[in-house]
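Heads up: the structure comes next, in structure tokens.
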Amino acid sequence: MSRTRLLPCTRELSLAVGLLALLVIGVAPIAWIVVSTVADTGLADIGALALTGRQWHLLGNTLLLGICLGLGTTVVGTPLGILLAKTDTPMKGRLYPLLMLPLCLPPYLLALAWFYLLGKRGLLAAVLGPGVGALSSAWLFSLWGNVFVLTSAYYPVTMVLVHTFVTAIDPAVEEAGRLFLPWRTVLARIDLPLIAPGIVLGALFTCILSISELGVPLFLRYDVFTVQVFTQFAAFYDTRAAVLFSMPLLLLISALILVERYYLRDRFVAVAGSRAGRVTIVPLGPLRLPIGGLLVLFACLVVLLPIGALCLTARTPSAFLAALQGSGWSMVHSLTDATVGATAITVLGFVLAYLIERSGKRRRQGLDSLLILLLTLPGTVLGVGLILLWNRATTAWLYGSLLIIVLGYVARYTALATRIQGMALRQVPTSYEEAARLAQVRWGTEVLRIHAPTLKHSLMASWVIAFIFCLRDLDTSMTIYPPGQETLPVRIYTLMANSPESVVAALALMLILMTLLALTAIGWLFASISGEAFHGDH
Amino acid sequence: MAIIDVQHLGFAYAATPILQDVCLTIEPRTITVLLGPSGCGKSTLLRLIAGFEAPGSGVIRIGDQVVSQDGRIVVPPERRQIGMVFQDLALWPHMTVRTTLDFVLRGVGCPADERADRVQAMLTKASLQAVALAYPAQLSGGQQQLLALARALITQPRVILMDEPLASLDVALREQFIETLLRLVQAEPLSLLYVTHDHEEAFTLADRLVVMSQGQIEQVGTPEAIYHRPATPFVQRFIGVTNVLDGIVVADGRVQTACGMIRCETSNVHSGEAVQVVIRAEDLHVEPDGAGELVGVVARTVYPGGGLLYIDMGSRFLRVRSSADIPPGQRVTLAVHRAPRCLRRGELRCTT
């Protein structure tokens, strides 16, 4: 009797603890920024400060970069997503993971690689002369150079979204059009409107990501809000100014998320159908080989060329040895932080995914929006919030250890785990839980014996993806890392200014290698999932 | 001349054969219904005729034109002049009712001045005027069905293919849709090829019935011929409510089954042979005076559909068509009124 009474308590308590963790780790630092700014400065002064020419200049640059990137990733990612999902392009099975790779790399590494290629003393200048080098360098350090590097880093977001939306179209919807229209009209008038939400989502999301990006504009010297926040905080130690520069960013990103929520309110249901997932392939005919060739060329340009530039710059084994000797411990920190962070993210991600998937629509949207806000918020802003909240005598044990970095990772990247596990949870019938509850199974046991085995693949996938994102994080780590706890991306960034290029390039390649190993694990994981599904079907 | 002519059609997914040597002709202005259990290949046949898949072997002609032949699609779907109602309707979620119909007419090259009139006429005919500006998600289930039908009809195609269009509807909407379809056919004769696994639907609509099983056509004929003169053991078992009993032929005309001794037509089998006896529910009669040859106890009475009794024979139930009001638990005797055919064991391909 008493056991029955305890059952809902255990579940509600666990979910409440999960929600509380999100509030303390993610929401409290942001709330602290807002409250402390208003308390210290006053609303009237904030208004006055927000209307300075400097603020408008930063807002203009930030928005321009965001809009250009949104357009750039749409122009590049949309055809790639359609070609890879819908056509008989040759080698698309191999091209897809290759074209996904830039998303797994820190964008500033791509900026570094392009700098080695296009800088004043870069590889291009070495081949074509210093005149060309000066021109290419000037271009790289302009708005368009920033847009180019960020587009090459973020086009996979749009590509994946478009690919997913195309795959979700019920083939019968296309066949209904094929009875009257040729393929090109079906693609233009039926498929394109149905994948439009995916394209818009990709544009908005990459726009938000570019607005919150620090590494690339900081390295390529483009004056945007994130760079100002970081400069005020790290160079001038002016926390108040950093906080003030954070406020417009916070508002801008919240507004964009609201736009995304409003636009995509009920649009996801428009595409799914009973035969969704079985894509009808459009034959490219005589264009098949030329289009395949173009895709290979594109992959070489945006993926292999930058990595090749890093390899050429690192060149000798001694560079790798020097990198290991000087920065081996930062690799250990990176691996430790990413491992602890990914584990915490996976656990919290499950609790929040459960809360989201098994809640009412309004609560679900609220929690989901909050997580997306934290994911897209600039790491520097989040970092400043964490410092304001935890940098005090009573919490020195936390602030001075790797835990503060882990908190930063959890606050920022839990949205990824929640989304992945949420999608998997949606496929699990609620009757599993109801049957367990009728059998008076405790919630802890239900999680371990029913949810964990059912969701094991999504749990593992979300761990690996969280690990990759923690490993590549620069913005948050660079703002909050305690003395002696430098991670590898931070180490690379700090070495860029005063170390031999070969050593920096070698370190960058080591980070890429670590990421590739994690990606290989994902590949292995999904191959085993497909294998099991195959056996299951028979 | 047949409007669709399918000759020696074969189709396989990977190495699994789906259709084998299918030959079929569809006559103009008739409703031809493809009836068969799930997975028998009837929807695949429809998709091959529509041109969404290429046949592995064989020829498909629409009118006098070869449209698919031996592994290739000769005429693409958009040039076959056919309409189709899909199982899940496949309505375009981003188009209103009016836009959908207009879009289809535009696709077939209908001039602008004619389009508006034809759309208006179809909206009236399908009773969709009131929701002309609504999106599919804003329509009721019945209205969605009507829109799917209107989309298929508006181009005045040579033939309309319907792939289990009523599968997701409740009984009331089903009846309403069938009524609408029959009215349309009455008003202007249509050539329809209709796929279903539902016997009632098939027998209600069909001028001509095609029974399929395991990728092959078992029998083609009028509904009456198929019901009363089943050509194969499969059709015999598949059509109507049947009881299949295992037994041994003991003497000319008699078979020993677990339910008792039954008089059968045994001309095709030998004494001592293991056989199966297929008895229709309406061929078994409850004998009020206890004169029947089989004895059992009424287990359950099912009222809808003219009355069906489940008789507990000890080892199994027999289903008997009867409108008699017999309470469960009452002992009854049964007589077999029409001597059933005996089939050798394994002769029945059982997929239902």
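Going through the structure tokens in order, the chains are called A, B, and so on, while each chain numbers its residues from 1 and the ligands are numbered from 1 in the order shown.
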Spatial neighbours of stretch 163-165 of chain B, max dist 10 Å, only C-alpha atoms, sep filter under 6 positions, as an mmCIF file with N, CA and C atoms, in the first residue's frame:
data_model
loop_
_atom_site.group_PDB
_atom_site.id
_atom_site.type_symbol
_atom_site.label_atom_id
_atom_site.label_comp_id
_atom_site.auth_asym_id
_atom_site.auth_seq_id
_atom_site.Cartn_x
_atom_site.Cartn_y
_atom_site.Cartn_z
ATOM 1 N N LEU B 34 -10.016 -5.718 -57.160
ATOM 2 C CA LEU B 34 -8.971 -6.693 -56.836
ATOM 3 C C LEU B 34 -9.128 -7.038 -55.369
ATOM 4 N N LYS B 42 -1.735 -7.073 -54.533
ATOM 5 C CA LYS B 42 -2.738 -6.295 -55.275
ATOM 6 C C LYS B 42 -2.359 -4.812 -55.386
ATOM 7 N N SER B 43 -1.804 -4.236 -54.289
ATOM 8 C CA SER B 43 -1.386 -2.824 -54.358
ATOM 9 C C SER B 43 -0.190 -2.663 -55.283
ATOM 10 N N THR B 44 0.680 -3.662 -55.307
ATOM 11 C CA THR B 44 1.842 -3.609 -56.200
ATOM 12 C C THR B 44 1.377 -3.610 -57.654
ATOM 13 N N LEU B 46 -1.366 -2.419 -58.743
ATOM 14 C CA LEU B 46 -1.898 -1.087 -59.003
ATOM 15 C C LEU B 46 -0.759 -0.096 -59.289
ATOM 16 N N ARG B 47 0.320 -0.183 -58.499
ATOM 17 C CA ARG B 47 1.459 0.732 -58.657
ATOM 18 C C ARG B 47 2.176 0.490 -59.991
ATOM 19 N N MET B 84 -5.852 8.447 -59.461
ATOM 20 C CA MET B 84 -5.653 7.449 -58.410
ATOM 21 C C MET B 84 -6.082 8.017 -57.063
ATOM 22 N N VAL B 85 -6.743 7.176 -56.272
ATOM 23 C CA VAL B 85 -7.036 7.527 -54.878
ATOM 24 C C VAL B 85 -6.163 6.615 -54.025
ATOM 25 N N PHE B 86 -5.309 7.260 -53.201
ATOM 26 C CA PHE B 86 -4.324 6.491 -52.440
ATOM 27 C C PHE B 86 -4.898 6.023 -51.109
ATOM 28 N N GLN B 87 -4.233 4.995 -50.563
ATOM 29 C CA GLN B 87 -4.712 4.416 -49.305
ATOM 30 C C GLN B 87 -4.767 5.462 -48.187
ATOM 31 N N ASP B 88 -3.670 6.252 -48.057
ATOM 32 C CA ASP B 88 -3.708 7.297 -47.022
ATOM 33 C C ASP B 88 -4.033 8.658 -47.650
ATOM 34 N N LEU B 89 -4.656 8.623 -48.792
ATOM 35 C CA LEU B 89 -5.186 9.772 -49.542
ATOM 36 C C LEU B 89 -4.112 10.647 -50.174
ATOM 37 N N GLN B 145 -11.711 12.388 -47.990
ATOM 38 C CA GLN B 145 -11.930 11.290 -48.932
ATOM 39 C C GLN B 145 -12.516 11.822 -50.241
ATOM 40 N N ALA B 148 -9.892 13.613 -52.251
ATOM 41 C CA ALA B 148 -9.014 12.662 -52.943
ATOM 42 C C ALA B 148 -9.697 12.117 -54.195
ATOM 43 N N LEU B 149 -10.990 11.860 -54.067
ATOM 44 C CA LEU B 149 -11.744 11.343 -55.211
ATOM 45 C C LEU B 149 -11.888 12.428 -56.288
ATOM 46 N N ARG B 174 -17.598 4.950 -44.411
ATOM 47 C CA ARG B 174 -17.432 3.976 -45.492
ATOM 48 C C ARG B 174 -18.689 3.887 -46.341
ATOM 49 N N PHE B 177 -19.276 6.959 -48.371
ATOM 50 C CA PHE B 177 -18.372 7.075 -49.518
ATOM 51 C C PHE B 177 -18.786 6.120 -50.634
ATOM 52 N N LEU B 193 -10.555 0.637 -61.159
ATOM 53 C CA LEU B 193 -9.867 -0.559 -60.671
ATOM 54 C C LEU B 193 -9.651 -0.335 -59.180
ATOM 55 N N TYR B 194 -10.336 -1.130 -58.388
ATOM 56 C CA TYR B 194 -10.453 -0.866 -56.961
ATOM 57 C C TYR B 194 -9.788 -2.005 -56.188
ATOM 58 N N VAL B 195 -8.899 -1.663 -55.280
ATOM 59 C CA VAL B 195 -8.195 -2.686 -54.497
ATOM 60 C C VAL B 195 -8.746 -2.707 -53.078
ATOM 61 N N THR B 196 -9.034 -3.872 -52.586
ATOM 62 C CA THR B 196 -9.481 -3.984 -51.191
ATOM 63 C C THR B 196 -9.227 -5.393 -50.652
ATOM 64 N N HIS B 197 -9.232 -5.493 -49.325
ATOM 65 C CA HIS B 197 -9.188 -6.831 -48.732
ATOM 66 C C HIS B 197 -10.523 -7.117 -48.039
ATOM 67 N N ASP B 198 -11.447 -6.131 -48.149
ATOM 68 C CA ASP B 198 -12.724 -6.223 -47.456
ATOM 69 C C ASP B 198 -13.777 -6.843 -48.377
ATOM 70 N N GLU B 201 -17.055 -4.705 -49.063
ATOM 71 C CA GLU B 201 -16.760 -3.618 -49.983
ATOM 72 C C GLU B 201 -16.664 -4.160 -51.414
#
(message) Please check the contacts: residues of chain B at most 9 Å away from chain A, using only C-alpha atoms, listed as an NGL selection string.
(response) :B and (50-52 or 76-94 or 104-108 or 137 or 152 or 155)
(request) Tell me, in Å to one decimal, how far atom CA of A:Leu284 is from atom CA of A:Pro90. (result)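 Here the two named atoms are 10.0 Å from each other.
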(message) One decimal, in Å: what's the spacing between atom CA of A:Phe115 and atom CA of A:Gln485?
(response)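 So the answer is 27.5 Å.
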